Each structure stands twice: as structure tokens, then as C-alpha cells.
$ cat protein13.cif   # mmCIF, C-alpha atoms
data_target
loop_
_atom_site.label_atom_id
_atom_site.label_comp_id
_atom_site.auth_asym_id
_atom_site.auth_seq_id
_atom_site.Cartn_x
_atom_site.Cartn_y
_atom_site.Cartn_z
CA MET H 71 -14.71 18.83 22.23
CA PRO H 72 -15.81 15.75 20.20
CA PRO H 73 -18.35 13.31 21.63
CA GLN H 74 -16.93 10.80 24.09
CA HIS H 75 -17.22 7.10 23.20
CA SER H 76 -16.39 4.41 25.75
CA GLU H 77 -16.30 1.41 23.41
CA PRO H 78 -13.69 1.08 20.65
CA VAL H 79 -14.79 1.22 17.02
CA VAL H 80 -14.38 -2.29 15.64
CA LEU H 81 -12.67 -2.00 12.26
CA ASP H 82 -14.21 -4.29 9.67
CA PRO H 83 -11.62 -6.91 8.59
CA THR H 84 -13.49 -7.47 5.31
CA GLY H 85 -12.91 -3.90 4.12
CA ALA H 86 -16.61 -3.35 3.46
CA GLY H 87 -18.10 0.10 4.00
CA ARG H 88 -14.86 2.08 4.06
CA ARG H 89 -16.60 5.39 3.38
CA ALA H 90 -18.94 4.91 6.34
CA GLU H 91 -16.01 3.87 8.51
CA HIS H 92 -14.09 7.01 7.56
CA ALA H 93 -17.09 9.16 8.50
CA LEU H 94 -17.40 7.35 11.84
CA LEU H 95 -13.74 8.00 12.65
CA HIS H 96 -14.17 11.67 11.75
CA ALA H 97 -17.17 11.89 14.06
CA HIS H 98 -15.05 10.70 16.98
CA GLY H 99 -12.69 13.64 16.64
CA SER H 100 -8.99 13.78 15.85
CA THR H 101 -8.49 10.27 17.21
CA ALA H 102 -10.73 7.31 17.90
CA LEU H 103 -10.15 4.24 20.00
CA VAL H 104 -10.40 1.27 17.63
CA ASP H 105 -10.28 -2.49 17.80
CA ILE H 106 -8.04 -4.05 15.15
CA LEU H 107 -8.62 -7.80 15.25
CA GLY H 108 -8.56 -7.73 19.04
CA VAL H 109 -5.83 -5.12 19.52
CA THR H 110 -6.83 -1.65 20.77
CA ALA H 111 -5.19 1.43 19.27
CA HIS H 112 -5.75 5.14 18.77
CA ALA H 113 -6.73 5.64 15.11
CA VAL H 114 -5.66 9.07 13.89
CA SER H 115 -7.84 10.41 11.08
CA ASP H 116 -7.21 14.15 11.46
CA PRO H 117 -4.63 14.96 8.76
CA ALA H 118 -2.88 17.76 10.62
CA LEU H 119 -2.50 15.69 13.77
CA LEU H 120 -1.49 12.61 11.78
CA LYS H 121 1.31 14.49 10.01
CA GLU H 122 2.45 15.86 13.35
CA LEU H 123 2.56 12.42 14.96
CA LEU H 124 4.28 10.84 11.95
CA THR H 125 7.22 13.19 12.52
CA SER H 126 7.08 13.39 16.32
CA PRO H 127 10.00 12.15 18.45
CA ASP H 128 7.33 10.95 20.89
CA VAL H 129 6.15 8.29 18.40
CA SER H 130 8.06 5.18 17.36
CA LYS H 131 7.54 2.28 14.95
CA ASP H 132 9.70 -0.05 17.05
CA GLY H 133 7.22 -2.17 18.98
CA ARG H 134 9.92 -4.32 20.56
CA ALA H 135 11.30 -1.28 22.34
CA HIS H 136 8.20 0.82 22.91
CA TRP H 137 5.07 -1.34 23.17
CA PRO H 138 4.55 -3.19 26.45
CA ARG H 139 2.11 -5.61 24.75
CA PHE H 140 4.49 -6.56 21.95
CA ASP H 141 5.59 -9.99 23.20
CA GLU H 142 2.01 -10.93 24.09
CA VAL H 143 0.44 -9.77 20.84
CA VAL H 144 2.91 -11.25 18.34
CA ARG H 145 2.14 -14.76 19.54
CA THR H 146 -1.41 -14.90 18.19
CA TRP H 147 -2.33 -11.66 16.38
CA PRO H 148 -3.13 -12.26 12.69
CA LEU H 149 -1.24 -9.05 11.82
CA ALA H 150 1.86 -10.01 13.81
CA LEU H 151 4.08 -9.80 10.70
CA TRP H 152 3.24 -6.09 10.37
CA ILE H 153 4.89 -5.34 13.70
CA ASN H 154 7.33 -8.24 14.02
CA VAL H 155 9.15 -8.13 10.69
CA GLU H 156 12.68 -6.71 10.96
CA ASN H 157 13.20 -3.97 8.37
CA MET H 158 13.01 -0.20 8.10
CA PHE H 159 9.18 -0.35 8.30
CA THR H 160 9.40 -1.35 11.98
CA ALA H 161 12.64 0.43 12.85
CA ALA H 162 13.25 3.76 14.53
CA GLY H 163 16.08 6.26 14.89
CA GLY H 164 19.51 5.13 13.79
CA ASP H 165 18.34 1.65 12.83
CA HIS H 166 15.75 3.15 10.48
CA ARG H 167 18.33 5.42 8.86
CA ARG H 168 20.77 2.52 8.48
CA LEU H 169 18.21 0.22 6.88
CA ARG H 170 16.74 2.90 4.62
CA ARG H 171 20.25 3.73 3.39
CA MET H 172 20.65 0.14 2.20
CA ILE H 173 17.83 0.27 -0.35
CA ALA H 174 17.52 3.98 -1.17
CA PRO H 175 19.94 3.77 -4.15
CA ALA H 176 17.61 1.28 -5.88
CA PHE H 177 14.95 4.00 -6.04
CA ALA H 178 17.18 6.92 -6.99
CA ALA H 179 16.05 9.10 -9.91
CA ARG H 180 18.52 7.60 -12.39
CA ARG H 181 17.43 4.06 -11.49
CA ILE H 182 13.78 4.95 -11.95
CA ALA H 183 14.56 6.58 -15.30
CA ALA H 184 16.31 3.36 -16.35
CA LEU H 185 13.16 1.40 -15.48
CA THR H 186 10.96 3.54 -17.74
CA THR H 187 11.66 1.41 -20.81
CA ILE H 188 10.83 -1.76 -18.89
CA VAL H 189 7.58 -0.27 -17.62
CA GLU H 190 6.53 0.90 -21.08
CA SER H 191 7.44 -2.36 -22.82
CA THR H 192 5.65 -4.40 -20.16
CA VAL H 193 2.51 -2.29 -20.51
CA ASP H 194 2.62 -2.57 -24.29
CA GLY H 195 3.03 -6.34 -24.12
CA ILE H 196 0.11 -6.76 -21.72
CA LEU H 197 -2.16 -4.54 -23.81
CA ASP H 198 -1.16 -6.34 -27.00
CA THR H 199 -2.31 -9.59 -25.42
CA LEU H 200 -5.54 -8.05 -24.16
CA GLY H 201 -6.15 -6.63 -27.61
CA THR H 202 -6.54 -10.13 -29.02
CA ARG H 203 -9.64 -10.80 -26.92
CA PRO H 204 -12.96 -10.88 -28.79
CA ALA H 205 -15.15 -7.80 -28.60
CA GLY H 206 -17.60 -8.00 -25.72
CA GLU H 207 -15.57 -10.55 -23.77
CA ILE H 208 -15.26 -9.83 -20.06
CA THR H 209 -11.72 -9.25 -18.79
CA ASP H 210 -10.68 -9.01 -15.14
CA LEU H 211 -8.33 -6.04 -15.34
CA ARG H 212 -7.05 -6.51 -11.80
CA GLN H 213 -5.91 -10.00 -12.70
CA GLN H 214 -4.85 -9.31 -16.29
CA LEU H 215 -3.35 -5.81 -16.04
CA ALA H 216 -3.08 -4.33 -12.55
CA TYR H 217 -1.26 -7.40 -11.22
CA PRO H 218 1.22 -8.32 -13.95
CA LEU H 219 2.71 -4.86 -14.45
CA PRO H 220 4.00 -4.12 -10.93
CA ILE H 221 4.93 -7.73 -10.14
CA THR H 222 7.00 -7.82 -13.34
CA VAL H 223 8.71 -4.53 -12.50
CA ILE H 224 9.44 -5.40 -8.87
CA GLY H 225 10.53 -8.85 -10.02
CA HIS H 226 13.07 -7.21 -12.33
CA LEU H 227 14.27 -4.90 -9.56
CA LEU H 228 14.69 -7.73 -7.06
CA GLY H 229 15.90 -10.32 -9.55
CA LEU H 230 13.02 -12.74 -8.98
CA PRO H 231 12.79 -15.74 -11.32
CA SER H 232 9.92 -15.04 -13.74
CA ASP H 233 8.46 -18.52 -13.26
CA GLN H 234 8.08 -17.84 -9.52
CA LEU H 235 6.28 -14.50 -9.71
CA ASP H 236 2.78 -15.94 -9.35
CA GLY H 237 3.86 -17.88 -6.28
CA PHE H 238 5.28 -14.80 -4.62
CA ARG H 239 2.13 -12.87 -5.48
CA THR H 240 -0.17 -15.41 -3.88
CA ILE H 241 1.77 -15.39 -0.62
CA VAL H 242 1.99 -11.59 -0.50
CA ASP H 243 -1.78 -11.38 -0.99
CA GLY H 244 -2.09 -13.34 2.24
CA VAL H 245 -0.06 -10.74 4.13
CA PHE H 246 -2.75 -8.16 3.37
CA ASP H 247 -5.75 -10.44 3.95
CA THR H 248 -7.13 -9.46 7.37
CA THR H 249 -9.81 -12.15 7.38
CA LEU H 250 -7.22 -14.88 8.00
CA THR H 251 -7.10 -16.47 11.42
CA GLY H 252 -3.94 -16.26 13.47
CA VAL H 253 -3.04 -19.81 12.47
CA GLN H 254 -3.66 -19.15 8.77
CA ALA H 255 -1.64 -15.94 8.88
CA ASP H 256 1.21 -17.73 10.65
CA ASP H 257 1.21 -20.46 7.99
CA ASN H 258 1.30 -17.82 5.26
CA ASN H 259 4.18 -15.98 6.96
CA ARG H 260 6.19 -19.18 7.21
CA ALA H 261 5.59 -19.85 3.52
CA LEU H 262 6.69 -16.30 2.69
CA TYR H 263 9.92 -16.56 4.64
CA GLY H 264 10.49 -20.03 3.27
CA VAL H 265 10.51 -18.94 -0.38
CA ILE H 266 12.56 -15.83 0.41
CA THR H 267 15.15 -17.89 2.31
CA GLN H 268 15.44 -20.19 -0.70
CA LEU H 269 15.77 -17.19 -3.00
CA VAL H 270 18.55 -15.70 -0.87
CA ALA H 271 20.42 -19.01 -0.92
CA ALA H 272 20.15 -19.12 -4.72
CA LYS H 273 21.37 -15.52 -5.02
CA ARG H 274 24.31 -16.20 -2.72
CA ALA H 275 25.31 -19.07 -4.98
CA ALA H 276 24.81 -17.07 -8.19
CA PRO H 277 24.54 -13.31 -7.56
CA GLY H 278 23.27 -10.95 -10.22
CA GLU H 279 22.81 -7.24 -10.88
CA ASP H 280 19.73 -6.88 -8.69
CA LEU H 281 18.66 -5.48 -5.33
CA ILE H 282 18.65 -8.82 -3.49
CA SER H 283 22.20 -9.58 -4.60
CA HIS H 284 23.21 -6.08 -3.50
CA LEU H 285 21.64 -6.57 -0.07
CA ILE H 286 23.30 -9.96 0.31
CA GLY H 287 26.63 -8.35 -0.53
CA VAL H 288 26.10 -5.70 2.13
CA ARG H 289 25.04 -8.34 4.65
CA ASP H 290 27.94 -10.68 3.98
CA SER H 291 30.64 -8.00 3.73
CA GLU H 292 29.61 -5.72 6.60
CA GLY H 293 28.16 -8.27 9.02
CA ASP H 294 26.01 -7.16 11.92
CA GLY H 295 27.66 -3.78 12.45
CA ASP H 296 26.66 -1.17 9.89
CA GLY H 297 25.26 -3.79 7.55
CA LEU H 298 22.27 -6.09 7.83
CA THR H 299 21.51 -8.96 10.15
CA GLU H 300 20.14 -12.05 8.43
CA ALA H 301 16.68 -11.27 9.83
CA GLU H 302 16.91 -7.72 8.47
CA LEU H 303 18.00 -9.03 5.07
CA LEU H 304 14.96 -11.29 4.84
CA GLY H 305 12.65 -8.64 6.29
CA THR H 306 13.84 -6.00 3.84
CA ILE H 307 13.09 -8.31 0.91
CA VAL H 308 9.62 -8.91 2.39
CA LEU H 309 9.06 -5.15 2.54
CA VAL H 310 10.22 -4.33 -0.98
CA LEU H 311 8.31 -7.25 -2.49
CA SER H 312 5.02 -6.55 -0.73
CA ALA H 313 5.02 -2.75 -0.72
CA GLY H 314 6.52 -2.66 -4.20
CA TYR H 315 3.69 -4.42 -5.92
CA GLU H 316 0.50 -4.76 -3.85
CA THR H 317 0.06 -1.01 -3.40
CA THR H 318 0.56 -0.26 -7.09
CA VAL H 319 -1.92 -2.96 -8.04
CA ASN H 320 -4.53 -1.25 -5.89
CA VAL H 321 -4.00 2.22 -7.34
CA ILE H 322 -4.24 0.95 -10.92
CA ASP H 323 -7.41 -0.93 -9.97
CA GLN H 324 -8.97 2.07 -8.20
CA ALA H 325 -7.97 4.57 -10.89
CA VAL H 326 -9.53 2.50 -13.68
CA SER H 327 -12.73 1.89 -11.73
CA LEU H 328 -13.04 5.58 -10.81
CA LEU H 329 -12.54 6.73 -14.39
CA LEU H 330 -15.05 4.19 -15.68
CA THR H 331 -17.66 5.41 -13.18
CA HIS H 332 -16.93 9.10 -13.77
CA PRO H 333 -17.18 9.67 -17.54
CA GLU H 334 -17.07 13.44 -17.05
CA GLN H 335 -13.57 13.06 -15.64
CA ARG H 336 -12.48 10.96 -18.62
CA ALA H 337 -13.86 13.68 -20.87
CA LEU H 338 -11.61 16.23 -19.15
CA LEU H 339 -8.60 14.04 -19.91
CA ALA H 340 -9.65 13.58 -23.52
CA ALA H 341 -10.13 17.31 -23.96
CA GLY H 342 -6.77 18.15 -22.44
CA ASP H 343 -8.35 19.98 -19.52
CA ALA H 344 -6.51 17.67 -17.11
CA ASP H 345 -3.56 15.34 -17.46
CA TRP H 346 -2.91 11.80 -16.30
CA SER H 347 -0.92 12.89 -13.28
CA ASP H 348 -4.06 14.70 -12.09
CA ALA H 349 -6.01 11.46 -12.31
CA VAL H 350 -3.29 9.56 -10.48
CA GLU H 351 -2.98 12.04 -7.62
CA GLU H 352 -6.73 12.33 -7.14
CA THR H 353 -6.98 8.54 -7.04
CA LEU H 354 -4.22 8.39 -4.44
CA ARG H 355 -6.10 10.97 -2.39
CA LEU H 356 -9.59 9.49 -2.60
CA GLU H 357 -8.72 5.79 -2.68
CA PRO H 358 -5.18 5.31 -1.31
CA PRO H 359 -3.71 1.82 -1.72
CA VAL H 360 -3.68 1.24 2.04
CA THR H 361 -6.44 2.40 4.38
CA HIS H 362 -4.86 1.81 7.80
CA VAL H 363 -1.21 1.05 8.54
CA PRO H 364 -0.35 -0.76 11.80
CA LEU H 365 1.28 0.26 14.12
CA ARG H 366 3.10 3.07 15.88
CA TYR H 367 3.65 3.57 19.60
CA ALA H 368 3.72 6.48 22.03
CA ILE H 369 7.15 6.80 23.65
CA ASN H 370 5.86 9.53 25.94
CA PRO H 371 2.37 10.78 26.85
CA ILE H 372 0.93 12.86 24.00
CA ASP H 373 -1.55 15.66 24.69
CA LEU H 374 -4.09 16.10 21.90
CA PRO H 375 -5.74 19.33 20.71
CA ASP H 376 -9.19 18.19 21.91
CA GLY H 377 -8.01 17.87 25.49
CA THR H 378 -7.59 14.09 25.48
CA SER H 379 -4.27 12.27 25.45
CA ILE H 380 -2.48 9.15 24.28
CA ALA H 381 -0.73 7.37 27.13
CA ARG H 382 2.87 6.25 27.01
CA GLY H 383 3.05 2.76 25.52
CA ASP H 384 -0.29 3.00 23.71
CA ALA H 385 -0.56 1.79 20.11
CA ILE H 386 -1.35 4.27 17.33
CA LEU H 387 -2.94 3.47 13.98
CA ALA H 388 -2.29 5.72 10.99
CA SER H 389 -5.68 5.92 9.26
CA PHE H 390 -4.51 7.31 5.93
CA GLY H 391 -7.76 6.58 4.10
CA ALA H 392 -9.86 8.64 6.53
CA ALA H 393 -7.28 11.43 6.76
CA ASN H 394 -7.18 11.84 2.97
CA VAL H 395 -10.91 12.58 2.80
CA HIS H 396 -11.17 14.68 5.94
CA PRO H 397 -13.37 17.74 5.36
CA ASP H 398 -10.91 19.94 7.27
CA TRP H 399 -8.37 19.22 4.54
CA HIS H 400 -10.44 18.99 1.36
CA GLY H 401 -13.75 20.60 2.27
CA GLU H 402 -17.27 19.39 1.69
CA THR H 403 -16.31 17.73 -1.61
CA ALA H 404 -13.57 15.62 0.00
CA GLY H 405 -15.48 12.45 -0.90
CA ASP H 406 -15.86 13.36 -4.58
CA TYR H 407 -13.58 12.29 -7.42
CA ASP H 408 -12.44 15.51 -9.10
CA ILE H 409 -9.20 15.39 -11.06
CA THR H 410 -9.25 19.19 -11.46
CA ARG H 411 -9.30 19.70 -7.69
CA ALA H 412 -6.81 22.45 -6.90
CA ASN H 413 -5.51 20.73 -3.78
CA LYS H 414 -4.94 17.02 -4.28
CA ASP H 415 -2.49 16.63 -1.40
CA HIS H 416 -2.63 13.25 0.32
CA LEU H 417 -0.84 10.84 2.62
CA ALA H 418 -1.08 7.80 0.37
CA PHE H 419 2.70 7.33 0.47
CA GLY H 420 3.05 8.24 4.12
CA HIS H 421 4.80 11.27 5.56
CA GLY H 422 8.11 12.12 7.19
CA MET H 423 10.96 9.69 7.65
CA HIS H 424 8.84 6.69 6.60
CA PHE H 425 7.69 8.25 3.31
CA CYS H 426 7.59 5.51 0.68
CA LEU H 427 10.85 5.17 -1.24
CA GLY H 428 8.98 3.65 -4.18
CA ALA H 429 6.55 6.55 -4.70
CA THR H 430 8.23 7.78 -7.88
CA LEU H 431 8.29 4.29 -9.40
CA ALA H 432 4.65 3.72 -8.47
CA ARG H 433 3.60 7.00 -10.10
CA LEU H 434 5.55 6.08 -13.24
CA GLU H 435 3.82 2.70 -13.51
CA ILE H 436 0.33 4.01 -12.81
CA THR H 437 0.55 6.98 -15.15
CA THR H 438 2.02 4.88 -17.95
CA VAL H 439 -0.59 2.14 -17.74
CA LEU H 440 -3.59 4.49 -17.48
CA ARG H 441 -2.55 6.58 -20.47
CA ALA H 442 -1.88 3.50 -22.60
CA LEU H 443 -5.03 1.63 -21.53
CA PHE H 444 -7.49 4.40 -22.31
CA ASP H 445 -5.68 5.31 -25.51
CA ARG H 446 -5.76 1.70 -26.73
CA PHE H 447 -9.32 0.97 -25.57
CA PRO H 448 -11.34 4.21 -25.59
CA GLU H 449 -14.63 2.28 -25.41
CA ILE H 450 -13.69 0.34 -22.28
CA GLU H 451 -16.56 -0.07 -19.81
CA LEU H 452 -17.34 -1.85 -16.56
CA ALA H 453 -18.97 -5.23 -17.12
CA VAL H 454 -20.95 -5.06 -13.87
CA PRO H 455 -22.64 -2.24 -11.95
CA ALA H 456 -20.13 -0.39 -9.78
CA ALA H 457 -22.03 -1.42 -6.64
CA GLU H 458 -21.20 -5.06 -7.41
CA LEU H 459 -17.44 -4.54 -7.22
CA LYS H 460 -16.34 -6.37 -4.07
CA PRO H 461 -13.59 -4.94 -1.86
CA LEU H 462 -10.53 -6.95 -0.93
CA ASN H 463 -10.79 -8.88 2.32
CA SER H 464 -8.64 -6.38 4.14
CA LEU H 465 -8.82 -3.42 6.47
CA ILE H 466 -5.35 -2.50 5.19
CA SER H 467 -5.26 -3.05 1.43
CA ASN H 468 -7.72 -0.94 -0.56
CA GLY H 469 -8.70 -2.51 -3.84
CA HIS H 470 -11.24 -4.84 -5.45
CA GLN H 471 -11.31 -8.61 -5.57
CA ALA H 472 -11.86 -8.33 -9.31
CA LEU H 473 -12.34 -5.56 -11.87
CA PRO H 474 -14.46 -7.02 -14.72
CA VAL H 475 -14.55 -4.84 -17.84
CA ARG H 476 -15.31 -5.04 -21.54
CA LEU H 477 -12.44 -3.56 -23.45
CA ARG H 478 -14.66 -3.18 -26.50
CA PRO H 479 -18.46 -3.44 -26.69
CA ALA H 480 -19.93 -6.53 -28.25
CA THR H 481 -20.39 -6.30 -32.00
CA ALA H 482 -23.93 -6.14 -33.33
#

$ encode --input "protein13.cif" --output "C-alpha cells"
Amino acid sequence: MPPQHSEPVVLDPTGAGRRAEHALLHAHGSTALVDILGVTAHAVSDPALLKELLTSPDVSKDGRAHWPRFDEVVRTWPLALWINVENMFTAAGGDHRRLRRMIAPAFAARRIAALTTIVESTVDGILDTLGTRPAGEITDLRQQLAYPLPITVIGHLLGLPSDQLDGFRTIVDGVFDTTLTGVQADDNNRALYGVITQLVAAKRAAPGEDLISHLIGVRDSEGDGDGLTEAELLGTIVLVLSAGYETTVNVIDQAVSLLLTHPEQRALLAAGDADWSDAVEETLRLEPPVTHVPLRYAINPIDLPDGTSIARGDAILASFGAANVHPDWHGETAGDYDITRANKDHLAFGHGMHFCLGATLARLEITTVLRALFDRFPEIELAVPAAELKPLNSLISNGHQALPVRLRPATA
């Protein structure tokens, strides 16, 4: 039986020291009581148990129905949007299936194949621009590459006006910032819903061949029965916009930084002893785009393998970052970056009914940009020591505030 701890582990809202935090969660056993900005939950870091709970009928994502503290918490909690938004992310059972059915066609294989040309042309255009920079100049690749690719692609998918992309990006960044106060987070959420409401009104007036127009059509033709409520329409756009770009930004950021700090792994790619999909999957395993995902709830009491239990109505936190590097899953080298690792399985895109619909698109974008970047700039290097890369201000989103590099060394 693991050691017993009476006080919850306080998760760091700044995202600093993730590796140490993962190890601490592992030391507590299969679950650990944690404090998430004042809310107590059972963090699950054991991968086998986490996969079991993610598919268990005793666990729900619908806080309105299954969390006694829901009404109290949503009033002031800085992460209220994560549990209060109305879309398939916070739905369960038939509602989840209904809402997922609405957007699944946008991520079907043929649709992703059709986006390949857009992804490749966008990458080429960004790299062409970066290629004009003087040798030795410092470039923030998170700002100049990792951001513009996925926001352009998701903007195309949703039909967002290109001149509004930066505005959407800024607001979405606030959704993932866990250092905001409750008031600041509430202001950001209002701004987010404000711009999305305006966008929906514009699309109603002039619909196009995009996902938002499709969702509006479903909403307006099917009403509140098998279609979407207005709140679900807005919430679904929030989900696709935020999950569709922020997570991909982080994986591009983490993959580049890992390859620049592990030259032996780059050498394997250059020699053909590994391919780019290996690098992508190992990045997703070691540094998933989200570390913790709030929240799930116990519908019934859940007995755990270590003899403890989760009470009915308790909140559950999926700690994907810690689960991905658990030694029971990936052995003593779980914390190492090894693109030739035989087992690179991970939970970066979730598991079970809530598995990310955009996983295929994300993999396409990440693989395309990594291959093109290192082919175009084989001498690329970090412009600062790796220890100086600062994490995002988030216990959810796993990336860097900036990724300064030199695409080419300074000329003599």
C-alpha cells in the first residue's frame, strides 16, 4: 500500500517543475489528493487505472449532474469554463454521443486528406518568410512557427476571418492560463463568448462552406431536439477553436526543443534509423500538450487497487502528463527522450469515448512542420540554454512561453 498523505498536493499554477510534480504524484500511489486552485480532486497518474476510469460507467464528465459542488465552484473558480462550458467535452452518455456526432464529419479521413495541401502550403510559406532572416538572428519559433500553422489551419476549418486570428489566439491563451484570478478568467471568458457570438451572427447572415456554418445549420434546422442548443453551439466552437490549435502549438514547441537538446536523436532521423512519426509520438508521450485535464466525477463509489476509494460525487483529475511517464508503463527510462523506444504508447489525446477527434489532423501538422523545418534549416540551434526556457503559466497547457532559436549560425 502506498504511503498515506493527509494534506492534498497543491498543483503549481505556474507549470514550473512538472517533472518533480509527476514524481510526487507517482509516490502517492495510483491516485493522489490534489488541490487545483482551491478545488480538491483525486489526481490519477497510474496509466492502467486512468484508462480504466476514462471508460468506466461510474465516471462522468457532466458536473451539473454528478458533482454536488458544481454550482458553488463555478461562481468563483478560475477554471470554471473547463467544467461549465456546454459541449461534448463536458457531456456524458447520449448528450456526448449527440454532440460528438455533430463535428465528427469535419475530422473524417477524407477531410483530413483534403487539408494536407493547406498544411503543406502554410508550412512552406512560413518557412519561406523565416528564411529571409539574417544568419544569427534570434527567432521565437513558438511565436513565428508553432502558433501560425495550427491557428491558420483551424481558422480555415472553422471559417474564421484571417484578420481576426490573432485576436482569437490571445483570448484562447487566457483559457489555459491558470495564474489568472477568478475575476480575470471571468473577463477573458466573456470576451471569448463575445467574439464567438459575433462570429455566429456573421455566419448566420452569410454562411460559408465551413464547420461553424454547418453547426449553425444543424442548430437552426433541428432546434433543441437532436440538434444543438444555442449554448451548445457556442460551446462547441469554443472547444474546436481552443483544442484545435493550442494543443498543436505545444507539441510543435516541445518537439523542436527536445530535438534541439538531443542531437543524438536528430542524428537517428538524419540517418534514417527513425522517422518523423517516431519523433512525434515520443514527444506526445514525454511532453503531452496538456498535463492535467479537469474534471471528471464519480457517479458511484469506486474501489481502488490499493485499498482506498473515491467517494460518490468526488472530483477526479486526469493527470495525463504523469501517467505518460509512469515507470510501470515505460520502465526506468520513462523520463528519457528516445524516439526509437519500442513502446511509445501514450494518453496525450485522451482515451475512450472522449479521445480527441483532431488527433489525426494534429499529427499531420506536427509531422509536416518538423520534417520541413529541419530539412530547411539543418543548422538550427537553441539561442539560450535549455534551462532558461520558461514554461507556460499553466498547470494544464504544457509548452514554453517562448522558443528562441537561431535558424542559421552567425556568419564569421

$ resolve_selection --input "protein13.cif" --expression "the PyMOL selection byres ((chain H and resi 450-466) around 8)" --output "number ranges by chain"
H: 81-86, 208, 246-249, 327, 330-331, 360-363, 444, 447-449, 467-479

$ closest_residue --input "protein13.cif" --among "H:Gly201, H:Gly420, H:Pro117, H:Gly314" --to "Ile224 of chain H" --atoms "all atoms listed in the file"
H:Gly314

$ atom_distance --input "protein13.cif" --atom1 "atom CA of Leu120 of chain H" --atom2 "atom CA of Ile369 of chain H"
15.8 Å

$ atom_distance --input "protein13.cif" --atom1 "atom CA of Leu329 of chain H" --atom2 "atom CA of Ala179 of chain H"
29.0 Å

$ residues_near_point --input "protein13.cif" --point "(15.7, 1.4, -4.9)" --cutoff "10 Å" --atoms "all atoms listed in the file" --output "JSON, numbers by chain"
{"H": [170, 171, 172, 173, 174, 175, 176, 177, 178, 179, 181, 182, 227, 228, 280, 281, 310, 427, 428, 431]}

$ closest_residue --input "protein13.cif" --among "H:Thr187, H:Ser126, H:Asn157, H:Ser115" --to "Thr299 of chain H" --atoms "all atoms listed in the file"
H:Asn157

$ resolve_selection --input "protein13.cif" --expression "the PyMOL selection byres ((chain H and resi 149) around 10)" --output "tab-separated table (two decimals) with C-alpha atoms, in the coordinates of the input"
chain	number	residue	atom	x	y	z
H	106	ILE	CA	-8.04	-4.05	15.15
H	107	LEU	CA	-8.62	-7.80	15.25
H	109	VAL	CA	-5.83	-5.12	19.52
H	143	VAL	CA	0.44	-9.77	20.84
H	144	VAL	CA	2.91	-11.25	18.34
H	146	THR	CA	-1.41	-14.90	18.19
H	147	TRP	CA	-2.33	-11.66	16.38
H	148	PRO	CA	-3.13	-12.26	12.69
H	150	ALA	CA	1.86	-10.01	13.81
H	151	LEU	CA	4.08	-9.80	10.70
H	152	TRP	CA	3.24	-6.09	10.37
H	153	ILE	CA	4.89	-5.34	13.70
H	154	ASN	CA	7.33	-8.24	14.02
H	245	VAL	CA	-0.06	-10.74	4.13
H	246	PHE	CA	-2.75	-8.16	3.37
H	247	ASP	CA	-5.75	-10.44	3.95
H	248	THR	CA	-7.13	-9.46	7.37
H	250	LEU	CA	-7.22	-14.88	8.00
H	251	THR	CA	-7.10	-16.47	11.42
H	252	GLY	CA	-3.94	-16.26	13.47
H	255	ALA	CA	-1.64	-15.94	8.88
H	256	ASP	CA	1.21	-17.73	10.65
H	364	PRO	CA	-0.35	-0.76	11.80
H	365	LEU	CA	1.28	0.26	14.12

$ closest_residue --input "protein13.cif" --among "H:Val193, H:Ala97, H:Val114, H:Val129" --to "Pro371 of chain H" --atoms "all atoms listed in the file"
H:Val129

$ resolve_selection --input "protein13.cif" --expression "the PyMOL selection byres ((chain H and resi 189) around 8)" --output "ChimeraX atom specification"
/H:185-188,190-193,219,223,434-435,438

$ atom_distance --input "protein13.cif" --atom1 "atom CA of Arg180 of chain H" --atom2 "atom CA of Asp198 of chain H"
28.2 Å

$ closest_residue --input "protein13.cif" --among "H:His424, H:Arg274, H:Arg355, H:His112" --to "Thr378 of chain H" --atoms "only C-alpha atoms"
H:His112

$ closest_residue --input "protein13.cif" --among "H:Glu357, H:Asp210, H:Glu77, H:Asp116" --to "Asp398 of chain H" --atoms "all atoms listed in the file"
H:Asp116

$ residues_around --input "protein13.cif" --residues "Thr306 of chain H" --least-positions-apart "4" --cutoff "10 Å" --atoms "only C-alpha atoms" --output "list in words"
Val155, Glu156, Asn157, Met158, Phe159, Leu169, Arg170, Met172, Ile173, Ile282, Leu285, Leu298, Glu300, Ala301, Glu302, Val310, Leu311 and Ser312 of chain H
